[in-house]
Every structure is written in C-alpha cells, then in structure tokens.
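Asks: One structure is given below, represented as structure tokens, and several questions about it will come after.
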Amino acid sequence: MIAVTIPRKFFTLRDLLPFTFNFADIEEGRVTIKRKDASLSDDEMVQLTRKNNKEFSSIIRRYQDALLRYITLSFCDNHTAASLIQEIFVTAYVNLNEYDGSIPFSSWIYRIAHKEIVEKLKEPQYSQEQNCDSSHFEKMVKGIITALPDCEHYTLPEIVYSLKRLQEKRLDIIVLKYSEGKSSQEISDIMELKHEAIKTLMLLAEDDIHQYLFSI
Amino acid sequence: MSKDILNSFWQEIEDKKIEQIPRWRFNAVRIGAWLIVGALGILLSLGGAIALYISINHDYSNGHEHSLHFLQHYPLLVNVLMSLPYVWFILIAVFFLVIFTAVSRSKKGYSYSAVRVITWLLLTTIPLSVVFYTSGIGRSLHWYLTEHYSVYFHLVNGNEQDWTQPENGRLGGKVISYNEKTHVMILKSFHNDLWTIDMKHAWSDSDTLFVPGNYVKILGVQTTSTGFAAHSVHGRLEINTGHLNSAEGS
C-alpha cells in the first residue's frame, strides 16, 4: 500500500471536474469514471444548487426516471406525463429553499409530485378512468405478488383491474409502496398523513385487492 | 427523453424568467406562524392565570341556592359552582382548540400525534399560567378588565359581581375620599357608580383601608339609591370567608 500525499491544489482542481474517480481504483489498474452528481447525496446536491442554480440539472437527472414512472401510473399518455414532470421540476426549483432537511429530499420531491398529480386528476379530462396499458403496472404487480402471494394465481390484467377499483388514496399508497418502494414513514411524509393512517389505509387497500380477486 | 426534460426545463425557466423563492420568505412564514401560536399560547396562559385568580380568591360566601335547588343541601358546592369563571374556561378551551388545530394543520402537523400536541400544550401553558398568577399579572388584568369593560364585568362571575349587590348588603369598590370628622366615605363601586358610605357604626380590619385609592369590600345596608350604611369594611384581597360570614351575621 503506497501512501500518497496529494496537494490541496489538486483537490481543488478535482472538485472542478464534472466527473469523479477513485484513486484506489487507479492503483488496481481499473478506472471507473462516474458523473460527479452520482456520488453526491441529495442534501449535497441541494446545497450545490443553492450556490449555483444550474446544479438543479443533477436533481432532474437523478429523479426524472422515478418520477416519470410514478406519473405514468396515473396518466398513461406520454404527453401529459412529460408536461406534468416539467411542472413538478419547476415547482421543486421555485420552492427549493423551502426544503429544510427535516424529511428526506426524495420524500419532499415526491410530495410535490403527489400534489401535482392530485391537482391534475381533478381536471375533468382526467377524472374519467383512463385506458392504460397493463405493462405500465408490471413492476408494481410483481411487487404486489411478492408481498401478497395469494395474488400470483391471477393474471396481470386482473390484478391491474383490481388496482383501478381502489379508492384514490389507497391506490396512491399501493403505488408508492410497490412501484416506488417507499416505506410507510416515507409515504406518510409524501402524502402528509399520519403514520398510523398510512398503515390502516395500506391494510384496507390490500384487503380490497384480495376481496376483488377472490370474487372473480 | 432525459435531455429533452432537461432542455425544456431550462428553456421554461429562461423564457418565463422563473426565479427561486428566497429562503428568508419561507423562514419568515415559518417564524410568523410560530409567533402567532406563541402569542395564542401566552393569551391562553393569561386566561389561565385570570381563571386561577378568580377561582382561588373568590369569597365563596354568597348564597346561590336559588338557582341550583337540587343541590340545596350542599351550599358550599353550590357557591363554588356558581362562582367559577366559566367565561374564562370557555375562552381557554377555545384558545386551546385554535392552537391545537393550528399545530395539527401546520406543514409538519401530520407527523405530530394528538396526544403529543396536547401534552406539549399543557406542559407549556400550565406552568406559564401559574407564573402569571403568582406574579400578579392575572389579578391586574382581571381588575383592569372589570373596571374598564362593563361587558366583562357582567360576564365574569368574580368577587366584583358579588360585591356589587348593595340591595343584599354587599358593596365593594375603590375609596375616592374619606372624611374622618363626618365618617363619610365616597366609594366608586366595581360597576363605576359613586356611593356615599356612612361609616359611623362601621368597624374595619384596618384603618389603612380608608386611604383613597384602596379597594374595599363593605357589609352593610343600602339606605338610598346611592347611599349605604357600613357595618364592616374589609380589604379587597381578603378571602377569610368565615370572618365575613360572622360579620354578616352580626
């Protein structure tokens, strides 16, 4: 093991690079170059954005896929999803200074997304049931089958149909848990509901799914 | 898609000249909201201090049996029940409810349990009420409100109401003047009426009570519409009910 003292100047230079690498990897003969924001925590990215607005791009890059997936479970057409994600990021950008670290940043940005989705669903053109492709729900259904083994005897469209019959809040909780992998505490922060309420709604939602599937 | 989202995002920010809301505005709203809750908490504690003052310093010596017949065999209980400052109890409950609702509906309210909010409220307001009571703030406020607001005077069941019954031989108020030669006292009642008190046959706990500006409670007989013959004179803060009752009997 060779101990190398790297001058402070070099660190400063490395800080300016848009990518990161590990010295230990170089010693072992392999170099993995990552985008710098991939190694930063959410809170560090927020701090950077507060210093330089343009750093908000890192936040967009980190959350766009997850939020897009979350949105498409409520709005199936890509055009609506694209315009909604734009609105979500603009709202997050404008209100970024409101984030105080009392909840995880991911919960904070999902909360914005949740509110935007709820507001959008109030518009008349979206209040009707949408004919989504079942494939949108595939990942979530896999999660549900893992957690609720009784459901594995049913087809994807059947499970999706049982999900569509759920009340809005209960469906939201199922989506956040099984599609986004959020814990009940995170769901509580996102939906701004008491932790106990989330647990109860979760049980009710799972019970609704069971009941519908068993009645087929 | 990734690049599209980034490009269209920055395009919109640039086109609409969208700017971030500065941090101080969020802090101002947050601090403002907590200041309002704090102010309500202080009002609640002041209400508690006044309620404590009225409850503790009440003479509980008047007969109220007429309105609670079913409790006629428990005169002390009737007196206590009739003398409690219910208006303040209602106001305290309202303040409590407002603070509870404000905290529960705040941005982080969903994460606080009702038990936690209520415990926190009780733990802060009860000691504060006791501090306001022991420091005399509760008493001063009650006296001020009684003197300056007749609505308050009529609403609150304090000693002042009990001692504004000249027809029943009870009169209290502020000494305006006292003539030692003629033994006549001019008294401004708790209801702000001027009374001429004949003190010839009166005895008192202390002569210093007759100094103008002092508050006194007088047992005696009403002689005219603004005249009163005193039998005994007591200080406003005295709560020796046995003593008062014996004086009343004599």
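Chains: A, B, ... in order of the structure tokens. Residues: from 1 per chain. Ligands: from 1, in order shown.
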Skip Glu186 (chain A) itself and residues of its chain fewer than 2 positions away, then list as a short mmCIF file (atom, residue, chain, number, x, y, z; two decimals) with C-alpha atoms, in the first residue's frame all residues within 12 Å of it, counting only C-alpha atoms.
Replies:
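Ended up saving to selection.cif:
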data_model
loop_
_atom_site.label_atom_id
_atom_site.label_comp_id
_atom_site.auth_asym_id
_atom_site.auth_seq_id
_atom_site.Cartn_x
_atom_site.Cartn_y
_atom_site.Cartn_z
CA SER A 102 -36.49 17.59 8.19
CA ILE A 103 -37.64 14.85 5.81
CA PRO A 104 -35.58 13.08 3.13
CA PHE A 105 -35.27 15.08 -0.09
CA SER A 106 -36.75 12.20 -2.08
CA SER A 107 -39.90 12.37 0.07
CA TRP A 108 -40.00 16.13 -0.42
CA ILE A 109 -39.86 15.93 -4.22
CA TYR A 110 -42.31 13.02 -4.30
CA ARG A 111 -44.65 15.12 -2.15
CA ILE A 173 -50.31 4.17 -1.14
CA LEU A 176 -45.80 4.36 -3.58
CA LYS A 177 -45.14 1.12 -1.75
CA GLU A 180 -41.65 3.22 -5.81
CA GLY A 181 -40.53 1.03 -2.92
CA LYS A 182 -41.30 3.64 -0.28
CA SER A 183 -41.55 2.76 3.41
CA SER A 184 -44.70 3.66 5.35
CA SER A 188 -46.55 9.39 5.43
CA ASP A 189 -44.16 12.25 4.58
CA ILE A 190 -45.16 12.25 0.92
CA MET A 191 -48.92 12.19 1.47
CA GLU A 192 -48.76 14.29 4.66
CA LEU A 193 -50.85 11.77 6.55
CA LYS A 194 -50.21 10.30 9.97
CA HIS A 195 -48.09 7.16 10.02
CA ILE A 198 -50.99 5.11 6.25
CA LYS A 199 -50.72 1.68 7.88
CA SER B 111 -46.22 13.92 11.99
#
Asks: Given only C-alpha atoms, how would the per-residue table for chain A near chain B read, listing every residue at most 12 Å away with its closest atom pair and distance in Å to one decimal, sorted by chain and number, as a Markdown table?
Replies:
| residue | atom | partner | partner_atom | distance |
| --- | --- | --- | --- | --- |
| A:Thr49 | CA | B:Gln20 | CA | 10.7 |
| A:Arg50 | CA | B:Gln20 | CA | 9.4 |
| A:Lys51 | CA | B:Gln20 | CA | 11.9 |
| A:Asn52 | CA | B:Gln20 | CA | 11.5 |
| A:Asn53 | CA | B:Gln20 | CA | 8.7 |
| A:Lys54 | CA | B:Trp10 | CA | 8.8 |
| A:Glu55 | CA | B:Trp10 | CA | 11.3 |
| A:Phe56 | CA | B:Leu6 | CA | 9.5 |
| A:Ser57 | CA | B:Leu6 | CA | 6.7 |
| A:Ser58 | CA | B:Leu6 | CA | 9.6 |
| A:Ile59 | CA | B:Leu6 | CA | 10.2 |
| A:Ile60 | CA | B:Leu6 | CA | 7.0 |
| A:Arg61 | CA | B:Ser2 | CA | 7.0 |
| A:Arg62 | CA | B:Ser2 | CA | 10.1 |
| A:Tyr63 | CA | B:Ser2 | CA | 10.3 |
| A:Gln64 | CA | B:Ser2 | CA | 7.4 |
| A:Asp65 | CA | B:Ser2 | CA | 8.2 |
| A:Ala66 | CA | B:Ser2 | CA | 11.8 |
| A:Leu67 | CA | B:Ile5 | CA | 11.9 |
| A:Leu68 | CA | B:Met1 | CA | 10.4 |
| A:Asn78 | CA | B:Met1 | CA | 10.7 |
| A:His79 | CA | B:Met1 | CA | 11.8 |
| A:Ala81 | CA | B:Ile5 | CA | 11.0 |
| A:Ala82 | CA | B:Ile5 | CA | 7.6 |
| A:Ser83 | CA | B:Ile5 | CA | 9.3 |
| A:Leu84 | CA | B:Ile5 | CA | 10.8 |
| A:Ile85 | CA | B:Ile5 | CA | 8.2 |
| A:Gln86 | CA | B:Phe9 | CA | 6.1 |
| A:Glu87 | CA | B:Phe9 | CA | 8.7 |
| A:Ile88 | CA | B:Phe9 | CA | 10.1 |
| A:Phe89 | CA | B:Phe9 | CA | 7.5 |
| A:Val90 | CA | B:Phe9 | CA | 7.2 |
| A:Thr91 | CA | B:Gln20 | CA | 9.3 |
| A:Ala92 | CA | B:Gln20 | CA | 9.2 |
| A:Tyr93 | CA | B:Gln20 | CA | 6.3 |
| A:Val94 | CA | B:Gln20 | CA | 4.1 |
| A:Asn95 | CA | B:Ile21 | CA | 5.9 |
| A:Leu96 | CA | B:Gln20 | CA | 7.0 |
| A:Asn97 | CA | B:Arg23 | CA | 4.9 |
| A:Glu98 | CA | B:Phe26 | CA | 5.8 |
| A:Tyr99 | CA | B:Arg23 | CA | 9.2 |
| A:Asp100 | CA | B:Arg23 | CA | 9.8 |
| A:Ser102 | CA | B:Lys108 | CA | 9.2 |
| A:Ile103 | CA | B:Lys108 | CA | 9.8 |
| A:Trp108 | CA | B:Lys107 | CA | 11.9 |
| A:Arg111 | CA | B:Lys107 | CA | 11.9 |
| A:Gln185 | CA | B:Ser111 | CA | 9.5 |
| A:Glu186 | CA | B:Ser111 | CA | 11.2 |
| A:Ile187 | CA | B:Ser111 | CA | 11.6 |
| A:Ser188 | CA | B:Ser111 | CA | 8.0 |
| A:Asp189 | CA | B:Ser111 | CA | 7.9 |
| A:Ile190 | CA | B:Tyr110 | CA | 10.6 |
| A:Met191 | CA | B:Tyr110 | CA | 9.3 |
| A:Glu192 | CA | B:Tyr110 | CA | 5.7 |
| A:Leu193 | CA | B:Tyr110 | CA | 5.3 |
| A:Lys194 | CA | B:Tyr110 | CA | 5.0 |
| A:His195 | CA | B:Ser111 | CA | 7.3 |
| A:Glu196 | CA | B:Ser113 | CA | 9.6 |
| A:Ala197 | CA | B:Tyr110 | CA | 9.9 |
| A:Ile198 | CA | B:Tyr110 | CA | 11.0 |
Asks: Can you pull out every residue within 10 Å of Ser179 (chain A), counting only C-alpha atoms, but drop anything in the same chain fewer than 4 positions away, and send it as a PyMOL selection string?
Replies: chain A and resi 66+69-70+73+137-144+173-175
Asks: For the atom pair CA of Thr223 (chain B) and CA of Asn57 (chain B), what is the interatomic distance in Å to one decimal place?
Replies: 28.9 Å
Asks: Given only C-alpha atoms as the basis, pick out the residue of B:Thr119, B:Ser104, B:Thr125, B:Asn214 nearest to Gly38 (chain B).
Replies: B:Thr125
Asks: Could you give me the residues within region 2-245 of chain B that DSSP places in strand (DSSP E or B), as a ChimeraX atom specification?
Replies: /B:164-165,170-179,184-189,194-198,203-204,215-222,227-235
Asks: Save the residues we just selected, N, CA and C atoms, as a compact mmCIF listing (two decimals), in the first residue's frame?
Replies:
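File written: again_36.txt
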# COMPACT_ATOMS: atom_id res chain seq x y z
N THR B 164 -71.18 43.79 44.28
CA THR B 164 -71.93 44.90 43.71
C THR B 164 -73.42 44.57 43.88
N GLN B 165 -73.75 44.21 45.11
CA GLN B 165 -75.16 43.91 45.43
C GLN B 165 -75.57 44.72 46.66
N ARG B 170 -74.07 44.13 50.25
CA ARG B 170 -72.66 43.95 49.86
C ARG B 170 -72.28 45.01 48.84
N LEU B 171 -71.25 45.74 49.18
CA LEU B 171 -70.80 46.78 48.25
C LEU B 171 -69.28 46.84 48.30
N GLY B 172 -68.68 46.89 47.12
CA GLY B 172 -67.22 46.98 47.07
C GLY B 172 -66.79 48.01 46.06
N GLY B 173 -65.53 48.42 46.14
CA GLY B 173 -65.03 49.36 45.15
C GLY B 173 -63.81 50.09 45.64
N LYS B 174 -63.55 51.23 44.96
CA LYS B 174 -62.32 51.99 45.23
C LYS B 174 -62.67 53.20 46.11
N VAL B 175 -61.87 53.40 47.14
CA VAL B 175 -62.10 54.56 48.02
C VAL B 175 -61.67 55.82 47.27
N ILE B 176 -62.62 56.75 47.14
CA ILE B 176 -62.30 58.02 46.46
C ILE B 176 -61.86 59.05 47.51
N SER B 177 -62.62 59.12 48.61
CA SER B 177 -62.23 60.03 49.70
C SER B 177 -62.84 59.54 51.01
N TYR B 178 -62.23 59.98 52.11
CA TYR B 178 -62.79 59.61 53.42
C TYR B 178 -62.63 60.80 54.37
N ASN B 179 -63.75 61.20 54.93
CA ASN B 179 -63.72 62.32 55.85
C ASN B 179 -63.78 61.77 57.27
N VAL B 184 -67.68 59.92 56.59
CA VAL B 184 -68.33 59.64 55.30
C VAL B 184 -67.25 59.27 54.27
N MET B 185 -67.55 58.18 53.62
CA MET B 185 -66.61 57.72 52.57
C MET B 185 -67.30 57.81 51.20
N ILE B 186 -66.55 58.30 50.23
CA ILE B 186 -67.08 58.27 48.85
C ILE B 186 -66.40 57.08 48.17
N LEU B 187 -67.23 56.22 47.63
CA LEU B 187 -66.72 54.97 47.05
C LEU B 187 -67.16 54.83 45.59
N LYS B 188 -66.20 54.45 44.78
CA LYS B 188 -66.57 54.16 43.37
C LYS B 188 -66.72 52.64 43.29
N SER B 189 -67.95 52.20 43.02
CA SER B 189 -68.19 50.74 43.06
C SER B 189 -67.46 50.05 41.90
N LEU B 194 -70.87 56.02 41.85
CA LEU B 194 -70.36 56.67 43.08
C LEU B 194 -71.35 56.47 44.22
N TRP B 195 -70.84 56.08 45.37
CA TRP B 195 -71.68 55.82 46.55
C TRP B 195 -71.18 56.64 47.73
N THR B 196 -72.16 57.07 48.56
CA THR B 196 -71.80 57.76 49.81
C THR B 196 -72.00 56.76 50.94
N ILE B 197 -70.91 56.47 51.64
CA ILE B 197 -70.98 55.43 52.68
C ILE B 197 -70.93 56.08 54.06
N ASP B 198 -71.91 55.74 54.86
CA ASP B 198 -71.92 56.22 56.25
C ASP B 198 -71.10 55.23 57.08
N TRP B 203 -66.96 48.95 61.67
CA TRP B 203 -65.63 48.59 62.16
C TRP B 203 -64.87 47.99 60.97
N SER B 204 -63.58 48.07 61.04
CA SER B 204 -62.81 47.57 59.90
C SER B 204 -61.60 46.77 60.38
N TYR B 215 -58.89 49.50 47.54
CA TYR B 215 -60.13 48.79 47.22
C TYR B 215 -60.65 48.12 48.48
N VAL B 216 -61.96 48.26 48.73
CA VAL B 216 -62.56 47.68 49.94
C VAL B 216 -63.84 46.92 49.62
N LYS B 217 -64.22 46.05 50.55
CA LYS B 217 -65.50 45.35 50.46
C LYS B 217 -66.26 45.70 51.73
N ILE B 218 -67.49 46.15 51.58
CA ILE B 218 -68.25 46.66 52.74
C ILE B 218 -69.52 45.84 52.93
N LEU B 219 -69.75 45.44 54.16
CA LEU B 219 -71.03 44.80 54.52
C LEU B 219 -71.87 45.87 55.21
N GLY B 220 -73.15 45.96 54.87
CA GLY B 220 -73.99 46.98 55.49
C GLY B 220 -75.39 46.97 54.93
N VAL B 221 -76.01 48.16 54.91
CA VAL B 221 -77.40 48.25 54.45
C VAL B 221 -77.51 49.43 53.48
N GLN B 222 -78.23 49.21 52.38
CA GLN B 222 -78.45 50.30 51.43
C GLN B 222 -79.50 51.24 52.02
N GLY B 227 -76.76 55.71 48.60
CA GLY B 227 -76.28 55.77 49.99
C GLY B 227 -76.22 54.39 50.61
N PHE B 228 -75.23 54.19 51.49
CA PHE B 228 -75.01 52.88 52.08
C PHE B 228 -74.48 53.07 53.50
N ALA B 229 -75.06 52.34 54.44
CA ALA B 229 -74.57 52.42 55.82
C ALA B 229 -73.71 51.20 56.08
N ALA B 230 -72.44 51.43 56.42
CA ALA B 230 -71.50 50.30 56.56
C ALA B 230 -71.54 49.71 57.96
N HIS B 231 -71.44 48.36 58.00
CA HIS B 231 -71.29 47.66 59.28
C HIS B 231 -69.84 47.24 59.48
N SER B 232 -69.26 46.76 58.42
CA SER B 232 -67.85 46.36 58.50
C SER B 232 -67.17 46.59 57.15
N VAL B 233 -65.85 46.81 57.21
CA VAL B 233 -65.09 47.08 55.98
C VAL B 233 -63.90 46.10 55.92
N HIS B 234 -63.68 45.54 54.74
CA HIS B 234 -62.61 44.56 54.56
C HIS B 234 -61.80 44.90 53.30
N GLY B 235 -60.58 44.40 53.28
CA GLY B 235 -59.73 44.61 52.10
C GLY B 235 -60.24 43.79 50.92
Asks: Would you please extract all helix (DSSP H, G or I) residues from region 84-178 of chain B, as assigned by DSSP on the backbone, and give them as a ChimeraX atom specification?
Replies: /B:86-104,109-111,114-134,137-148,150-155,159-162,166-168
Asks: Could you turn the residues from that selection into a file that holds C-alpha atoms, as a tab-separated table (two decimals), in the first residue's frame?
Replies:
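Result written to part.tsv:
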chain	number	residue	atom	x	y	z
B	86	TYR	CA	-66.94	29.84	33.21
B	87	VAL	CA	-66.36	32.55	30.61
B	88	TRP	CA	-62.63	32.12	31.08
B	89	PHE	CA	-62.95	28.36	30.99
B	90	ILE	CA	-64.73	28.65	27.63
B	91	LEU	CA	-62.15	31.12	26.31
B	92	ILE	CA	-59.31	28.86	27.46
B	93	ALA	CA	-60.96	25.90	25.70
B	94	VAL	CA	-61.34	27.98	22.51
B	95	PHE	CA	-57.69	29.10	22.57
B	96	PHE	CA	-56.65	25.54	23.27
B	97	LEU	CA	-58.66	24.29	20.32
B	98	VAL	CA	-57.33	27.02	18.00
B	99	ILE	CA	-53.72	26.25	18.91
B	100	PHE	CA	-54.30	22.51	18.62
B	101	THR	CA	-55.90	22.94	15.16
B	102	ALA	CA	-53.16	25.33	14.00
B	103	VAL	CA	-50.38	22.94	15.07
B	104	SER	CA	-52.16	19.87	13.68
B	109	GLY	CA	-48.67	18.64	11.78
B	110	TYR	CA	-49.29	15.24	10.22
B	111	SER	CA	-46.22	13.92	11.99
B	114	ALA	CA	-52.72	14.45	19.10
B	115	VAL	CA	-51.50	13.20	22.49
B	116	ARG	CA	-48.09	14.75	21.87
B	117	VAL	CA	-49.56	18.14	20.89
B	118	ILE	CA	-51.93	18.18	23.90
B	119	THR	CA	-49.15	17.14	26.32
B	120	TRP	CA	-46.82	19.77	24.89
B	121	LEU	CA	-49.54	22.44	25.18
B	122	LEU	CA	-50.38	21.53	28.78
B	123	LEU	CA	-46.72	21.37	29.79
B	124	THR	CA	-46.06	24.86	28.48
B	125	THR	CA	-49.27	26.72	29.32
B	126	ILE	CA	-49.98	25.42	32.84
B	127	PRO	CA	-46.60	26.50	34.31
B	128	LEU	CA	-46.88	29.81	32.43
B	129	SER	CA	-50.37	30.35	33.88
B	130	VAL	CA	-49.02	29.70	37.38
B	131	VAL	CA	-46.17	32.17	36.77
B	132	PHE	CA	-48.62	34.83	35.52
B	133	TYR	CA	-50.86	34.17	38.52
B	134	THR	CA	-48.12	34.29	41.16
B	137	ILE	CA	-50.42	39.68	36.21
B	138	GLY	CA	-53.65	37.64	36.31
B	139	ARG	CA	-55.02	39.79	39.11
B	140	SER	CA	-54.05	43.09	37.46
B	141	LEU	CA	-55.59	42.06	34.16
B	142	HIS	CA	-58.82	40.95	35.83
B	143	TRP	CA	-59.06	44.20	37.76
B	144	TYR	CA	-58.35	46.24	34.64
B	145	LEU	CA	-60.95	44.40	32.57
B	146	THR	CA	-63.55	44.65	35.36
B	147	GLU	CA	-63.06	48.39	35.68
B	148	HIS	CA	-62.91	49.28	32.00
B	150	SER	CA	-68.79	46.56	31.58
B	151	VAL	CA	-69.42	43.57	29.25
B	152	TYR	CA	-66.61	41.74	31.03
B	153	PHE	CA	-68.00	42.83	34.40
B	154	HIS	CA	-71.37	41.28	33.60
B	155	LEU	CA	-69.96	38.14	32.01
B	159	ASN	CA	-65.86	38.73	43.55
B	160	GLU	CA	-66.61	42.10	41.99
B	161	GLN	CA	-70.06	40.95	40.88
B	162	ASP	CA	-70.79	39.50	44.31
B	166	PRO	CA	-75.97	46.87	47.70
B	167	GLU	CA	-79.57	45.65	47.94
B	168	ASN	CA	-78.19	42.48	49.58
Asks: Distance CA of Ile71 (chain A)-CA of Gln11 (chain B), one decimal place?
Replies: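 One can read the CA of Ile71 (chain A) to CA of Gln11 (chain B) distance as 21.7 Å.
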Asks: Ranking A:Leu171, A:Cys151, A:Ile216, A:Ile145 by minimum distance to Leu203 (chain A) and counting only C-alpha atoms, which one comes first?
Replies: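 Selected residue with least distance to Leu203 (chain A): A:Leu171.
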Asks: Please measure the separation of CA of Leu156 (chain A) and CA of Met202 (chain A), giving the value in Å to one decimal.
Replies: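 Separation between CA of Leu156 (chain A) and CA of Met202 (chain A): 20.5 Å.
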